[in-house]
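**Q** Quick one: the structure is below, questions incoming.
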Amino acid sequence: MAAPMAEMGVMSEIGQAVEEMDWTLPTDVQSEAIPMILGGGDVLMAAETGSGKTGAFCLPIMQIVYETLKDQEEGKGRKVSSKTAASGGSNWKMNMHDRGDAMAIGPEGLLCQARDQQKWHGTRSNKAITQQGRYYFEATVTDEGLCRVGWATDKATLDLGTDKFGFGFGGTGKKSWGRQFDSYGEPYGMNDTVGCYLDIDNAEMRWSKNGVDLGKAYDIPPHLRSEKFYAAVTLKNAEMEFNFGKTPFKFPPGKNFVGLAQAPSQCVVQSRISSGVAVSAKPAPNAPQAIIIEPSRELAEQTFTQIQKFKVHLSNPTIRELLIIGGVNVKDQLDVLQRGVDIVVGTPGRLEDLISTGKLLLHQVRFFVLDECDGLLSQGYSDLINRLHQQIPKVTNDGKRLQMVVCSATLHSFDVKKMAERLMYFPTWIDLKGQDAVPETVHHVVCRIDPTQDTRWKNLQRHVATDGVHQNDNISANGTSQETYSEAVKKLKGEYLIKALEEHKMDQALIFCRTKLDCDNMEKYLLQKGGRNFSCVCLHGDRKPQERKANLQKFKDKGVKYLICTDVAARGIDVGGLQCVINVTLPDEKQNYIHRIGRVGRADRMGLAISFVSTVKEKVWYHSNCNNRGRGCYNTSLTDHGGCCVWYDEPKLLLDIQEHLDITIETVEPDLKVPINEFDGKVIYGNKRKNAGSSYQGHVDSLAPAVKELADLEKRAQTSFIDLKNNKRFMTR
Ligand SMILES: Nc1ncnc2c1ncn2[C@@H]1O[C@H](COP(=O)(O)OP(=O)(O)OP(=O)(O)O)[C@@H](O)[C@H]1O
């Protein structure tokens, strides 16, 4: 696919790698998202399961990371044109080339932000005052954090007020010089404007808060009176906006003072620090350019592996990726961090551990990716996402804006929209369907299980072990109570599962159960039923990380036929050519239905998904208030009565899913024969659709007329502009 990739601006080395992976054409979402991300945009990618979203964000991010590394290596990126270097142009602004590592400065040079929680980072203005006069500038706190603002000389460090060459006034109500912090004025914070006064004529300095003069703070010591003075600031996880007088001040200074922008030119000199002098040449090793957050270890590993495949032809410099997930020795991760990382893929818990302890720094991050974003939010990571976003500078050291990419097959939720509004910068929706949808390649059906009609449960000698929620209930083979039918349905589900696997001769299937206990019980049952015929392994949160990894791999390698899992494997997991998914129980969250069944029908292959739906309510475990999250819990009372069980209503869940998808899901009979329709007979589950490539070519064709019309319009506009110019010249002659 090198050629179509190149059309989208992807570099040939990456194009070659994907071609070798047999990706002949970009998928629709890739052809939309890649140019947008390469162009610097924030993107919300709402495309179906299996549509290639991972490549859609990884490829452009890797390209930009690679190009940035290359620029750093060649000393570019920090270069600026001679016009803007030492002089910083004609305006007063903060100096991009005279700042600490984690100090970000907006393109106008008037907004400064440092997101390091541990250390102070400072900067100075691009010009300084040399001679007589009285000068003023304003600094407004635009985000919570610690600030110190004032005046510094050339000899001062960027940590204002900690040596004898700079003077600061801090938000805690202290003035500082020579590391001596004395009470002064009063504290200031969010939205307060601090006025900074430099009176060279009287050799003194003072500050104001919201226009109120706080009185003289310092006499300028004799040895500094012939120095140049710069506007200066130092921040710890904070943001300040500056006005040097180009626009009206909020609180104009008293008479005799002028804004720095109005200082007579003979009193102003340019900073001696231009490109690269003060900025450390090499960024910190543990400060990556991209952070990709995934909701599960398996998915993080999968994305990490894709990155490794995409980068095989990228060299000099090489991109260094790191997987940060729980259950892996943290020391190994720290060793890699110390050696240097560019792209980090991880799960929220371990990422937060390393970030909060300063082992992983965010000040270089320019890509913040939330894969399966709605899943992250529903798992309760909203605060974490906000916290991390707050710590990431919105403008990087080399003046690039932070880009956020958010994706999922189910992005259409209120929470995601609110988050996007809050955190993203004019994001573009890449929304190919306009609502959550199931790919055409997934043939999904439901089979109702009615224990009042199918009474086999009464005589079953061997059946799947049930979860024990009815151990205190009075149930019997002849009973008709709600509890009896609930227990009956649990037993029947094991039989229906065996029937489905046999009926469709499923050589490979992903089987979703509701709880870890249900998974364990089903695994035992299948193994009891018949060794190799029903070979299976489990994947859920109670299995050790190494076992989880090994089981998934065994399933992918076809070492076993079936993988029995909880919703931990619902999202993102990609098993090439998977034929079938079976939902033994419908998921609690309707979005997870879409994700679960989306494990088949990926990359243009066809797949079958069968969901069992009990016609009666089923009592199930619901350990939401349990201290041990269910471990060792035998409280079979309902949650309303302080217990750990609820009545599960699958017909209602099915209605919710259908309503959400705006479809009616086909029902099959208990014989589990799937009726012949456009799928059956024409396709083999697990194989590719015939004559149905990516619609990329179709997309190009459909755009062609519009593109031609635009080109014609541009041509006419150009011609009329030239005509106009010629006429004008003619007229003025
Ligand atoms: N351009 C392409 N050509 C061929 N195969 C592709 C292409 N892009 C991705 N794929 C393959 O399609 C499969 C699905 O891709 P991916 O896992 O990125 O989907 P997804 O959209 O993230 O799905 P989900 O929503 O389930 O996470 C993978 O096996 C991947 O290798």
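Residues in the structure tokens are named by chain (A, B, ... in the order shown) and by number from 1 within that chain; ligands are numbered from 1 in the order shown.
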Find the residues around Gly375 of chain A up to 12 Å (only C-alpha atoms counted), leave out those fewer than 5 positions away in its own chain, and share them as an mmCIF file with C-alpha atoms, in the first residue's frame.
**A**
```cif
data_model
loop_
_atom_site.group_PDB
_atom_site.id
_atom_site.type_symbol
_atom_site.label_atom_id
_atom_site.label_comp_id
_atom_site.auth_asym_id
_atom_site.auth_seq_id
_atom_site.Cartn_x
_atom_site.Cartn_y
_atom_site.Cartn_z
ATOM 1 C CA ILE A 293 -3.517 4.652 27.138
ATOM 2 C CA GLU A 294 -5.310 1.324 26.690
ATOM 3 C CA PRO A 295 -7.969 -0.184 28.980
ATOM 4 C CA SER A 296 -6.436 -3.673 29.272
ATOM 5 C CA PRO A 348 -3.840 3.492 33.531
ATOM 6 C CA LEU A 370 -7.007 7.464 24.624
ATOM 7 C CA GLY A 380 -13.667 5.331 36.277
ATOM 8 C CA TYR A 381 -10.490 6.801 34.800
ATOM 9 C CA SER A 382 -11.977 10.188 34.030
ATOM 10 C CA VAL A 406 -9.516 9.575 21.090
ATOM 11 C CA CYS A 407 -10.977 6.445 19.578
ATOM 12 C CA SER A 408 -13.442 3.639 19.997
ATOM 13 C CA ALA A 409 -16.146 1.801 18.092
ATOM 14 C CA THR A 410 -18.550 3.261 20.664
ATOM 15 C CA LEU A 411 -17.730 6.918 21.110
ATOM 16 C CA HIS A 412 -21.279 8.227 21.008
ATOM 17 C CA SER A 413 -21.725 8.804 24.676
ATOM 18 C CA ASP A 415 -19.281 11.375 28.777
ATOM 19 C CA VAL A 416 -16.980 11.210 25.756
ATOM 20 C CA ASP A 567 -15.312 -8.367 29.312
ATOM 21 C CA VAL A 568 -11.605 -7.836 29.918
ATOM 22 C CA ALA A 569 -11.193 -9.248 26.397
ATOM 23 C CA ALA A 570 -14.203 -7.460 24.917
ATOM 24 C CA ARG A 571 -12.350 -4.511 23.509
ATOM 25 C CA GLY A 572 -9.713 -4.308 20.860
ATOM 26 C CA GLU A 589 -23.022 -2.449 29.245
ATOM 27 C CA LYS A 590 -24.681 -2.241 25.855
ATOM 28 C CA GLN A 591 -21.492 -0.846 24.286
ATOM 29 C CA ASN A 592 -19.689 -4.021 25.246
ATOM 30 C CA HIS A 595 -17.119 -4.682 21.231
#
```
**Q** To check your reading of the model: which residues sit at most 6 Å from ligand 1 when counting only C-alpha atoms and all ligand atoms? Write the answer as a list in words.
**A** Trp23, Thr24, Leu25, Pro26, Thr27, Glu48, Thr49, Gly50, Ser51, Gly52, Lys53, Thr54, Gly55, Ser408, Ala409, Arg571, Gly572, Asp574, Gly576, Gly598, Arg602 and Ala603 of chain A
**Q** Can you work out which one of A:Thr247, A:Asp42, A:Ala17, A:Asp163 has the shortest atom-to-atom distance to Leu110 of chain A, counting only C-alpha atoms?
**A**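 Nearest candidate to Leu110 of chain A out of A:Thr247, A:Asp42, A:Ala17, A:Asp163: A:Thr247.
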**Q** Apply DSSP to the structure's backbone, then extract all residues of segment 430-533 of chain A labelled strand (DSSP E or B) and return them as a list of chain:residue names.
**A**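 So the strand (DSSP E or B) residues in segment 430-533 of chain A would be A:Ile430, A:Asp431, A:Val442, A:His443, A:His444, A:Val445, A:Val446, A:Cys447, A:Arg448, A:Ile449, A:Ala509, A:Leu510, A:Ile511, A:Phe512.
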**Q** Among segment 552-623 of chain A, which ones does DSSP place in alpha helix (DSSP H), written as a PyMOL selection string?
**A** chain A and resi 552-556+590-597
**Q** For the selection just defined, write its residues with C-alpha atoms to a file, as a PDB file, in the first residue's frame.
**A**
```pdb
ATOM      1  CA  LEU A 552      -4.239 -15.519  24.771  1.00  0.00           C
ATOM      2  CA  GLN A 553      -1.192 -16.520  22.776  1.00  0.00           C
ATOM      3  CA  LYS A 554      -2.159 -20.187  22.889  1.00  0.00           C
ATOM      4  CA  PHE A 555      -5.586 -19.310  21.545  1.00  0.00           C
ATOM      5  CA  LYS A 556      -4.149 -17.075  18.813  1.00  0.00           C
ATOM      6  CA  LYS A 590     -24.681  -2.241  25.855  1.00  0.00           C
ATOM      7  CA  GLN A 591     -21.492  -0.846  24.286  1.00  0.00           C
ATOM      8  CA  ASN A 592     -19.689  -4.021  25.246  1.00  0.00           C
ATOM      9  CA  TYR A 593     -22.080  -6.042  23.096  1.00  0.00           C
ATOM     10  CA  ILE A 594     -20.700  -4.159  20.094  1.00  0.00           C
ATOM     11  CA  HIS A 595     -17.119  -4.682  21.231  1.00  0.00           C
ATOM     12  CA  ARG A 596     -17.566  -8.367  22.091  1.00  0.00           C
ATOM     13  CA  ILE A 597     -19.135  -9.338  18.791  1.00  0.00           C
TER      14      ILE A 597
END
```
**Q** Compile the contact shell of His223 of chain A as a list in words: residues with an atom at most 12 Å away, counting only C-alpha atoms, same-chain residues fewer than 3 positions apart removed.
**A**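 Here the qualifying residues turn out to be Thr153, Lys164, Phe165, Ala203, Asp219, Ile220, Ser226, Glu227 and Lys228 of chain A.
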